[in-house]
>>> print(open('run15.txt').read())   # compact mmCIF, C-alpha atoms and all ligand atoms
# COMPACT_ATOMS: atom_id res chain seq x y z
CA MET C 1 -14.59 -4.85 -1.14
CA SER C 2 -15.87 -3.05 -4.13
CA HIS C 3 -13.97 -0.32 -5.89
CA GLN C 4 -16.41 1.73 -7.87
CA SER C 5 -14.03 2.73 -10.63
CA LEU C 6 -12.87 -0.81 -11.18
CA SER C 7 -16.46 -1.91 -11.71
CA ALA C 8 -16.81 1.04 -14.08
CA LEU C 9 -14.05 -0.53 -16.16
CA THR C 10 -16.06 -3.75 -16.41
CA THR C 11 -18.75 -2.19 -18.55
CA TYR C 12 -16.29 -1.02 -21.14
CA SER C 13 -14.01 -4.02 -21.17
CA LYS C 14 -16.69 -6.29 -22.56
CA THR C 15 -16.20 -4.71 -25.95
CA ALA C 16 -12.57 -3.60 -25.94
CA GLY C 17 -9.22 -5.28 -26.12
CA ALA C 18 -7.99 -8.72 -26.85
CA ASN C 19 -9.90 -9.59 -29.96
CA SER C 20 -8.59 -6.60 -31.84
CA GLY C 21 -5.07 -8.08 -31.70
CA GLU C 22 -3.83 -4.87 -30.12
CA LYS C 23 -0.68 -4.85 -27.97
CA PHE C 24 -0.62 -2.86 -24.71
CA SER C 25 2.56 -1.71 -23.05
CA VAL C 26 3.25 0.47 -20.03
CA SER C 27 6.09 1.18 -17.64
CA TRP C 28 6.12 2.40 -14.01
CA LYS C 29 8.92 3.24 -11.62
CA SER C 30 7.90 2.42 -8.06
CA PRO C 31 9.93 2.90 -4.87
CA SER C 32 10.59 0.68 -1.87
CA ASN C 33 9.80 1.90 1.63
CA ILE C 34 11.11 1.50 5.17
CA ALA C 35 8.68 1.10 8.07
CA LEU C 36 9.10 3.32 11.12
CA VAL C 37 6.20 1.55 12.84
CA LYS C 38 6.52 -2.10 11.86
CA TYR C 39 3.94 -4.45 10.41
CA TRP C 40 4.60 -7.82 12.02
CA GLY C 41 1.89 -10.46 12.07
CA LYS C 42 -1.28 -10.69 10.04
CA LYS C 43 -4.84 -11.97 10.07
CA GLU C 44 -6.65 -13.71 7.23
CA ASN C 45 -6.81 -11.95 3.88
CA GLN C 46 -3.53 -10.05 4.44
CA ILE C 47 -4.99 -7.79 7.11
CA PRO C 48 -2.23 -6.57 9.45
CA LEU C 49 -2.33 -7.28 13.19
CA ASN C 50 -1.43 -3.65 13.81
CA PRO C 51 -1.24 -0.44 11.77
CA SER C 52 2.19 0.38 10.32
CA LEU C 53 3.74 3.58 9.01
CA SER C 54 6.57 3.94 6.51
CA MET C 55 8.76 6.40 4.68
CA THR C 56 8.83 6.00 0.92
CA LEU C 57 12.36 5.84 -0.49
CA SER C 58 13.67 7.77 -3.47
CA GLN C 59 16.72 6.05 -4.98
CA SER C 60 15.67 2.47 -4.22
CA TYR C 61 13.06 1.59 -6.80
CA THR C 62 11.93 -0.98 -9.34
CA LEU C 63 11.46 -0.09 -12.97
CA THR C 64 8.90 -2.39 -14.60
CA ARG C 65 7.53 -2.61 -18.09
CA VAL C 66 4.54 -4.85 -18.77
CA THR C 67 3.63 -5.73 -22.34
CA ALA C 68 0.30 -7.47 -22.81
CA THR C 69 -0.51 -9.25 -26.05
CA PRO C 70 -3.44 -11.37 -27.13
CA ASP C 71 -1.07 -14.20 -28.19
CA ARG C 72 -2.07 -17.39 -26.50
CA GLU C 73 1.06 -18.92 -25.09
CA GLU C 74 1.42 -21.94 -22.91
CA LYS C 75 2.81 -19.80 -20.10
CA LYS C 76 0.87 -16.56 -19.95
CA LEU C 77 3.10 -14.67 -17.55
CA LYS C 78 6.86 -14.28 -17.78
CA VAL C 79 9.16 -12.09 -15.74
CA ASN C 80 12.47 -11.27 -17.41
CA ALA C 81 11.77 -14.20 -19.76
CA ASP C 82 11.45 -16.54 -16.75
CA ALA C 83 8.14 -18.37 -16.35
CA SER C 84 9.02 -19.45 -12.81
CA HIS C 85 10.16 -16.14 -11.33
CA PRO C 86 9.38 -16.02 -7.57
CA PHE C 87 6.94 -13.10 -8.01
CA ILE C 88 4.77 -14.98 -10.51
CA PRO C 89 2.31 -16.59 -8.04
CA LYS C 90 1.68 -13.15 -6.50
CA MET C 91 1.31 -11.53 -9.89
CA GLU C 92 -1.18 -14.24 -10.87
CA LEU C 93 -3.19 -13.33 -7.81
CA PHE C 94 -3.31 -9.69 -8.98
CA LEU C 95 -4.40 -10.83 -12.43
CA GLN C 96 -7.15 -13.00 -11.00
CA TYR C 97 -8.49 -10.11 -8.94
CA ILE C 98 -8.38 -7.45 -11.65
CA GLY C 99 -9.44 -10.05 -14.23
CA LYS C 100 -12.72 -10.57 -12.34
CA GLU C 101 -13.64 -6.97 -13.05
CA VAL C 102 -11.92 -6.62 -16.43
CA PRO C 103 -12.35 -10.13 -17.92
CA VAL C 104 -10.54 -9.27 -21.13
CA LEU C 105 -7.28 -9.24 -19.15
CA LYS C 106 -7.58 -13.01 -18.79
CA GLU C 107 -7.26 -13.33 -22.56
CA LEU C 108 -3.85 -11.65 -22.63
CA SER C 109 -0.29 -12.88 -22.16
CA PHE C 110 1.98 -10.72 -20.03
CA ASN C 111 5.65 -10.15 -20.54
CA VAL C 112 7.22 -8.35 -17.60
CA GLU C 113 10.66 -6.73 -17.77
CA THR C 114 11.81 -5.54 -14.40
CA THR C 115 15.00 -4.19 -12.82
CA ASN C 116 15.84 -2.91 -9.36
CA SER C 117 18.03 0.13 -8.78
CA PHE C 118 19.54 -1.58 -5.71
CA PRO C 119 21.31 -4.91 -5.07
CA HIS C 120 19.45 -7.94 -3.76
CA SER C 121 19.19 -8.76 0.00
CA THR C 122 20.51 -5.43 1.21
CA GLY C 123 17.76 -4.48 3.64
CA ILE C 124 15.65 -2.81 0.95
CA ALA C 125 12.37 -4.58 0.24
CA SER C 126 12.33 -5.49 -3.46
CA SER C 127 8.88 -7.03 -2.97
CA ALA C 128 7.50 -3.60 -2.00
CA SER C 129 8.88 -1.82 -5.06
CA GLY C 130 8.51 -4.78 -7.46
CA LEU C 131 4.95 -5.73 -6.63
CA SER C 132 3.70 -2.15 -6.44
CA ALA C 133 5.28 -1.45 -9.85
CA PHE C 134 3.54 -4.51 -11.31
CA ALA C 135 0.17 -3.57 -9.76
CA LEU C 136 0.47 -0.08 -11.28
CA CYS C 137 1.32 -1.50 -14.72
CA LEU C 138 -1.58 -3.94 -14.58
CA LEU C 139 -4.06 -1.21 -13.67
CA SER C 140 -2.74 1.02 -16.45
CA ILE C 141 -3.24 -1.87 -18.87
CA ALA C 142 -6.75 -2.41 -17.47
CA GLU C 143 -7.41 1.26 -18.27
CA MET C 144 -6.04 0.83 -21.79
CA VAL C 145 -8.06 -2.27 -22.64
CA SER C 146 -11.23 -0.78 -21.19
CA GLY C 147 -10.68 2.64 -22.75
CA LYS C 148 -11.64 4.21 -19.43
CA ASN C 149 -9.49 6.29 -17.07
CA ILE C 150 -9.68 5.73 -13.35
CA ASP C 151 -9.62 8.91 -11.28
CA SER C 152 -6.04 9.47 -10.06
CA GLY C 153 -6.77 9.20 -6.30
CA GLU C 154 -8.77 6.04 -6.82
CA PHE C 155 -6.08 4.62 -9.13
CA PHE C 156 -3.37 4.71 -6.43
CA ASN C 157 -5.81 3.51 -3.78
CA LEU C 158 -6.67 0.56 -5.98
CA ALA C 159 -3.00 -0.12 -6.77
CA SER C 160 -2.35 -0.13 -3.02
CA PHE C 161 -5.25 -2.56 -2.47
CA VAL C 162 -3.92 -4.92 -5.16
CA SER C 163 -0.28 -4.62 -4.03
CA ARG C 164 -1.29 -5.64 -0.51
CA MET C 165 -2.33 -9.03 -1.83
CA GLY C 166 1.26 -9.71 -2.90
CA SER C 167 3.16 -8.23 0.03
CA GLY C 168 1.68 -6.20 2.85
CA SER C 169 4.44 -3.62 2.92
CA ALA C 170 4.09 -3.09 -0.86
CA CYS C 171 0.75 -1.33 -0.34
CA ARG C 172 2.60 1.55 1.40
CA SER C 173 4.86 2.23 -1.62
CA LEU C 174 2.14 3.90 -3.69
CA TYR C 175 2.51 7.30 -2.07
CA GLY C 176 5.32 9.79 -1.68
CA GLY C 177 6.45 10.91 1.77
CA TYR C 178 4.93 8.78 4.52
CA SER C 179 2.13 6.19 4.32
CA LEU C 180 -0.01 4.42 6.83
CA TRP C 181 -1.55 0.98 6.43
CA GLY C 182 -4.03 -0.49 8.90
CA LYS C 183 -7.19 0.70 10.58
CA THR C 184 -6.71 3.25 13.33
CA ASP C 185 -8.99 5.90 14.82
CA ARG C 186 -6.04 8.27 14.64
CA VAL C 187 -6.18 8.61 10.84
CA GLN C 188 -9.43 9.17 9.01
CA GLY C 189 -9.96 6.84 6.05
CA SER C 190 -7.31 4.36 7.23
CA SER C 191 -7.91 0.71 6.42
CA GLY C 192 -6.39 -2.73 6.64
CA LEU C 193 -7.14 -3.16 2.93
CA PHE C 194 -4.91 -0.42 1.55
CA ALA C 195 -2.51 2.29 2.65
CA VAL C 196 -3.23 6.01 2.80
CA PRO C 197 -0.81 8.92 2.32
CA LEU C 198 0.05 11.16 5.29
CA ALA C 199 1.06 14.11 3.14
CA GLU C 200 -0.24 17.14 5.05
CA ARG C 201 0.46 15.63 8.44
CA VAL C 202 4.24 15.65 8.00
CA HIS C 203 6.52 18.52 9.09
CA PRO C 204 8.89 19.78 6.33
CA ILE C 205 12.06 18.57 8.14
CA PHE C 206 10.90 14.98 7.74
CA ARG C 207 10.03 15.35 4.05
CA THR C 208 13.76 15.49 3.29
CA LEU C 209 14.89 12.90 5.84
CA HIS C 210 17.90 10.89 4.68
CA ASP C 211 18.32 7.12 5.04
CA ALA C 212 21.78 5.58 4.52
CA ILE C 213 21.42 1.81 4.32
CA LEU C 214 24.45 0.18 5.92
CA VAL C 215 24.74 -3.24 4.32
CA ILE C 216 26.11 -5.54 7.01
CA SER C 217 25.38 -8.71 5.07
CA SER C 218 23.80 -9.49 1.70
CA GLU C 219 23.11 -13.13 2.50
CA PRO C 220 19.56 -14.10 1.49
CA LYS C 221 16.93 -13.72 4.23
CA SER C 222 17.05 -16.51 6.78
CA LEU C 223 13.48 -15.72 7.85
CA PRO C 224 11.11 -15.23 4.90
CA SER C 225 8.44 -12.70 5.81
CA THR C 226 5.48 -15.10 5.44
CA ARG C 227 7.04 -17.36 8.04
CA GLY C 228 7.99 -14.37 10.17
CA HIS C 229 4.41 -13.05 10.25
CA SER C 230 3.08 -16.51 11.14
CA LEU C 231 5.33 -16.55 14.22
CA MET C 232 3.03 -13.88 15.69
CA ASP C 233 0.03 -16.26 15.55
CA HIS C 234 0.79 -17.83 18.92
CA HIS C 235 3.35 -15.37 20.17
CA PRO C 236 3.25 -14.94 23.97
CA PHE C 237 3.60 -11.15 23.61
CA ALA C 238 1.15 -10.69 20.70
CA ALA C 239 -1.51 -8.76 22.65
CA ALA C 240 1.08 -6.49 24.26
CA ARG C 241 2.66 -5.88 20.85
CA ILE C 242 -0.64 -4.74 19.35
CA ASP C 243 -1.11 -2.21 22.18
CA GLN C 244 2.49 -1.06 21.88
CA ALA C 245 2.20 -0.55 18.12
CA GLU C 246 -0.93 1.60 18.60
CA ASN C 247 0.91 3.77 21.13
CA ASN C 248 4.02 3.96 18.96
CA LEU C 249 1.88 4.90 15.99
CA SER C 250 0.33 7.72 18.00
CA GLU C 251 3.80 8.92 19.06
CA THR C 252 5.10 8.73 15.47
CA LEU C 253 2.16 10.71 14.12
CA LYS C 254 2.66 13.41 16.76
CA ALA C 255 6.41 13.54 16.06
CA LEU C 256 5.94 13.73 12.28
CA ASP C 257 3.30 16.41 12.60
CA SER C 258 5.22 18.66 15.01
CA GLY C 259 8.74 18.10 13.63
CA ASP C 260 9.82 16.64 17.00
CA ILE C 261 12.91 14.64 16.03
CA GLU C 262 13.69 13.49 19.60
CA ARG C 263 10.28 11.88 19.79
CA LEU C 264 10.70 10.27 16.36
CA ILE C 265 14.14 8.92 17.32
CA SER C 266 12.86 7.31 20.48
CA VAL C 267 9.86 5.62 18.87
CA THR C 268 11.63 4.53 15.65
CA GLU C 269 14.46 2.80 17.50
CA ASN C 270 11.97 1.22 19.89
CA GLU C 271 10.06 -0.23 16.91
CA ALA C 272 13.24 -1.60 15.29
CA LEU C 273 14.44 -3.27 18.47
CA THR C 274 10.94 -4.57 19.24
CA LEU C 275 10.75 -6.24 15.82
CA HIS C 276 13.93 -8.16 16.59
CA ALA C 277 12.86 -8.85 20.19
CA LEU C 278 9.64 -10.37 18.85
CA ILE C 279 11.59 -12.49 16.37
CA MET C 280 14.04 -13.65 19.02
CA SER C 281 11.28 -14.49 21.50
CA SER C 282 9.26 -16.42 18.87
CA LYS C 283 9.25 -20.18 18.58
CA GLY C 284 12.64 -21.16 17.15
CA GLY C 285 14.34 -18.05 18.59
CA THR C 286 15.75 -16.71 15.32
CA VAL C 287 18.59 -14.20 15.67
CA LEU C 288 18.91 -12.00 12.58
CA LEU C 289 21.29 -9.44 14.05
CA LYS C 290 25.01 -9.92 13.33
CA PRO C 291 27.82 -8.64 15.57
CA PRO C 292 28.53 -5.66 13.26
CA THR C 293 24.81 -4.71 13.42
CA VAL C 294 25.10 -4.27 17.17
CA ASN C 295 28.43 -2.40 16.82
CA VAL C 296 26.89 0.01 14.34
CA ILE C 297 23.84 0.60 16.57
CA LEU C 298 26.10 1.38 19.54
CA LYS C 299 28.21 3.76 17.45
CA ILE C 300 25.09 5.56 16.23
CA ARG C 301 23.93 6.04 19.81
CA GLU C 302 27.38 7.22 20.86
CA ALA C 303 27.43 9.79 18.04
CA ARG C 304 23.99 10.96 19.13
CA ARG C 305 25.17 11.38 22.71
CA LYS C 306 27.87 13.66 21.30
CA GLY C 307 25.20 15.79 19.60
CA MET C 308 24.82 14.32 16.11
CA SER C 309 21.25 14.02 14.82
CA VAL C 310 21.24 10.32 13.81
CA PHE C 311 18.99 7.36 14.54
CA PHE C 312 18.38 3.89 13.17
CA SER C 313 15.82 1.37 12.04
CA LEU C 314 16.15 -2.30 11.11
CA ASP C 315 14.19 -4.51 8.78
CA ALA C 316 13.85 -8.26 9.45
CA GLY C 317 17.56 -8.73 8.77
CA PRO C 318 21.02 -7.54 9.88
CA ASN C 319 21.26 -4.32 7.82
CA VAL C 320 20.89 -0.91 9.43
CA HIS C 321 18.92 2.08 8.14
CA LEU C 322 20.62 5.22 9.41
CA PHE C 323 18.36 8.28 9.39
CA TYR C 324 19.45 11.92 9.56
CA PRO C 325 18.03 15.31 8.63
CA GLU C 326 19.16 16.88 5.38
CA LYS C 327 21.11 19.66 7.13
CA SER C 328 23.34 17.11 8.93
CA THR C 329 24.43 15.42 5.67
CA PRO C 330 28.12 16.50 5.57
CA GLU C 331 28.92 15.50 9.17
CA VAL C 332 26.91 12.26 9.02
CA GLU C 333 28.55 11.19 5.76
CA GLN C 334 31.92 11.78 7.36
CA PHE C 335 30.84 9.75 10.42
CA ILE C 336 29.74 6.92 8.10
CA ARG C 337 33.07 6.98 6.24
CA ASN C 338 35.18 7.18 9.40
CA GLU C 339 33.32 4.88 11.74
CA LEU C 340 30.69 2.73 10.06
CA VAL C 341 31.87 1.72 6.59
CA SER C 342 34.37 -0.74 8.06
CA SER C 343 31.44 -2.74 9.54
CA CYS C 344 29.70 -2.99 6.15
CA GLU C 345 30.10 -5.88 3.74
CA ASN C 346 32.53 -4.72 1.06
CA GLY C 347 32.06 -1.22 2.48
CA LEU C 348 28.58 -1.05 0.93
CA VAL C 349 26.36 1.89 1.92
CA ILE C 350 23.29 2.84 -0.12
CA TYR C 351 22.43 6.52 0.23
CA ASP C 352 18.71 7.21 -0.01
CA CYS C 353 16.15 9.71 1.25
CA CYS C 354 12.44 10.37 1.50
CA GLY C 355 10.91 10.10 -1.98
CA THR C 356 7.93 11.37 -3.91
CA GLY C 357 6.27 8.08 -4.92
CA PRO C 358 5.74 6.13 -8.15
CA VAL C 359 6.17 7.70 -11.58
CA LEU C 360 4.61 6.64 -14.86
CA GLN C 361 7.36 6.34 -17.47
CA GLU C 362 7.28 7.78 -20.97
CA ILE C 363 6.39 5.15 -23.55
O1 LIG C 401 5.44 -7.04 3.42
P1 LIG C 401 6.14 -8.20 3.99
O2 LIG C 401 5.23 -9.39 4.10
O3 LIG C 401 7.43 -8.49 3.29
O4 LIG C 401 6.51 -7.84 5.52
C1 LIG C 401 7.29 -6.75 5.87
C2 LIG C 401 7.68 -6.81 7.30
C3 LIG C 401 8.68 -5.78 7.76
O5 LIG C 401 9.48 -5.34 6.68
C4 LIG C 401 9.59 -6.42 8.79
C5 LIG C 401 8.03 -4.60 8.44
C6 LIG C 401 7.31 -3.61 7.56
O6 LIG C 401 6.32 -3.04 8.04
O7 LIG C 401 7.74 -3.35 6.42
>>> encode(input="run15.txt", output="structure tokens")
Amino acid sequence: MSHQSLSALTTYSKTAGANSGEKFSVSWKSPSNIALVKYWGKKENQIPLNPSLSMTLSQSYTLTRVTATPDREEKKLKVNADASHPFIPKMELFLQYIGKEVPVLKELSFNVETTNSFPHSTGIASSASGLSAFALCLLSIAEMVSGKNIDSGEFFNLASFVSRMGSGSACRSLYGGYSLWGKTDRVQGSSGLFAVPLAERVHPIFRTLHDAILVISSEPKSLPSTRGHSLMDHHPFAAARIDQAENNLSETLKALDSGDIERLISVTENEALTLHALIMSSKGGTVLLKPPTVNVILKIREARRKGMSVFFSLDAGPNVHLFYPEKSTPEVEQFIRNELVSSCENGLVIYDCCGTGPVLQEI
């Protein structure tokens, strides 16, 4: 893979940066995302088994500041003053990759200050927001040390490529609205190496879709995603899953394009339940759903039968993402308060909606 603008940086970086003793600092706010078509299972080099499609969130984000200095410290990378933060191995991978093209980066020490707007283990992927925010900061610093700006489209494409190395789903967080990751004939320019935005292909009603995250349990994940993906390696239903995901992707694209909410409901819930069916039918038979998860799902379906425009998704955990169109907000919020909050841990519900993507922060 060669990104032209990154190699353009190489030329300049030979002369700029570390030796001058200059300090570089930048901050990005980057959102998490929720997949409607799920990525589950991967090939070598973080290439997904099937294309996935997600909605970028708005209120659930990571705010990250990276300060790079030429000081030579024993530990060159610290996150919130911790040299053994769980993200560090992934961040080192990003540094190695960008450092190949912009060698001066390897001479710098990185101090990362990062906070999430949402609590831990609540069904919102902090790896997606956290790693995409770090990738953005690192690329901005690469621009600073090289004295060369990367074209905006290429910048986010590159940030998506780098984010993918840390966590597959992170590569979809670089764009507002809806993103697609994985090669499919249905979307021109799609790739397993980075995500692409679906901006013009989305009907206005879905650009303001709401997502209330019903926190059933905030226990740490019992199935880390790396292990979860590896369960697809010898899964008896792997081939059928790949076909199903292609069909569900096609359905989702048609629904998003035409504003057909019934179609979106049917395919989104099918994807959520399939993810858990795959997990349960994997070796080890892990069950991530809790009794209140099932209660909440049944109540959502009951409310829909009575005419309310609500549907759900699940991540690889017990928490429920409840989707509804903007215009249904008052009645759905009342439904949540009256019927669902009692199933949530400490009554926790995180109200979010479709977002506009990462934002560079003022210095
Ligand atoms: O990006 P990872 O490796 O954390 O995997 C994410 C997997 C799911 O969240 C279950 C699905 C998805 O597409 O986001």
>>> residues_near_ligand(input="run15.txt", ligand="ligand LIG 401 (chain C)", cutoff="6 Å", atoms="all atoms listed in the file", output="ChimeraX atom specification")
/C:35,38-40,52,167-170,225-226,315-316
>>> atom_distance(input="run15.txt", atom1="atom CA of C:Leu174", atom2="atom CA of C:Gln188")
18.0 Å
>>> atom_distance(input="run15.txt", atom1="atom CA of C:Ile34", atom2="atom CA of C:Thr56")
6.6 Å
>>> residues_around(input="run15.txt", residues="stretch 238-253 of chain C", least_positions_apart="2", cutoff="9 Å", atoms="all atoms listed in the file", output="PyMOL selection string")
chain C and resi 36-39+41+49-53+184+186+201-202+232-236+255-258+263-264+267-268+270-271+274+278
>>> write_last_selection(input="run15.txt", atoms="C-alpha atoms", output="compact mmCIF listing (two decimals), in the frame of the given file")
# COMPACT_ATOMS: atom_id res chain seq x y z
CA LEU C 36 9.10 3.32 11.12
CA VAL C 37 6.20 1.55 12.84
CA LYS C 38 6.52 -2.10 11.86
CA TYR C 39 3.94 -4.45 10.41
CA GLY C 41 1.89 -10.46 12.07
CA LEU C 49 -2.33 -7.28 13.19
CA ASN C 50 -1.43 -3.65 13.81
CA PRO C 51 -1.24 -0.44 11.77
CA SER C 52 2.19 0.38 10.32
CA LEU C 53 3.74 3.58 9.01
CA THR C 184 -6.71 3.25 13.33
CA ARG C 186 -6.04 8.27 14.64
CA ARG C 201 0.46 15.63 8.44
CA VAL C 202 4.24 15.65 8.00
CA MET C 232 3.03 -13.88 15.69
CA ASP C 233 0.03 -16.26 15.55
CA HIS C 234 0.79 -17.83 18.92
CA HIS C 235 3.35 -15.37 20.17
CA PRO C 236 3.25 -14.94 23.97
CA ALA C 255 6.41 13.54 16.06
CA LEU C 256 5.94 13.73 12.28
CA ASP C 257 3.30 16.41 12.60
CA SER C 258 5.22 18.66 15.01
CA ARG C 263 10.28 11.88 19.79
CA LEU C 264 10.70 10.27 16.36
CA VAL C 267 9.86 5.62 18.87
CA THR C 268 11.63 4.53 15.65
CA ASN C 270 11.97 1.22 19.89
CA GLU C 271 10.06 -0.23 16.91
CA THR C 274 10.94 -4.57 19.24
CA LEU C 278 9.64 -10.37 18.85
>>> residues_around(input="run15.txt", residues="stretch 88-92 of chain C", least_positions_apart="2", cutoff="9 Å", atoms="all atoms listed in the file", output="PyMOL selection string")
chain C and resi 77-79+83-86+94-97+131+134-135+165-167
>>> write_last_selection(input="run15.txt", atoms="C-alpha atoms", output="PDB file, in the frame of the given file")
ATOM      1  CA  LEU C  77       3.100 -14.670 -17.550  1.00  0.00           C
ATOM      2  CA  LYS C  78       6.860 -14.280 -17.780  1.00  0.00           C
ATOM      3  CA  VAL C  79       9.160 -12.090 -15.740  1.00  0.00           C
ATOM      4  CA  ALA C  83       8.140 -18.370 -16.350  1.00  0.00           C
ATOM      5  CA  SER C  84       9.020 -19.450 -12.810  1.00  0.00           C
ATOM      6  CA  HIS C  85      10.160 -16.140 -11.330  1.00  0.00           C
ATOM      7  CA  PRO C  86       9.380 -16.020  -7.570  1.00  0.00           C
ATOM      8  CA  PHE C  94      -3.310  -9.690  -8.980  1.00  0.00           C
ATOM      9  CA  LEU C  95      -4.400 -10.830 -12.430  1.00  0.00           C
ATOM     10  CA  GLN C  96      -7.150 -13.000 -11.000  1.00  0.00           C
ATOM     11  CA  TYR C  97      -8.490 -10.110  -8.940  1.00  0.00           C
ATOM     12  CA  LEU C 131       4.950  -5.730  -6.630  1.00  0.00           C
ATOM     13  CA  PHE C 134       3.540  -4.510 -11.310  1.00  0.00           C
ATOM     14  CA  ALA C 135       0.170  -3.570  -9.760  1.00  0.00           C
ATOM     15  CA  MET C 165      -2.330  -9.030  -1.830  1.00  0.00           C
ATOM     16  CA  GLY C 166       1.260  -9.710  -2.900  1.00  0.00           C
ATOM     17  CA  SER C 167       3.160  -8.230   0.030  1.00  0.00           C
TER      18      SER C 167
END
>>> closest_residue(input="run15.txt", among="C:Ser121, C:Leu138, C:Pro325, C:Tyr61", to="C:Glu345", atoms="all atoms listed in the file")
C:Ser121
>>> atom_distance(input="run15.txt", atom1="atom CA of C:Thr114", atom2="atom CA of C:Leu63")
5.6 Å
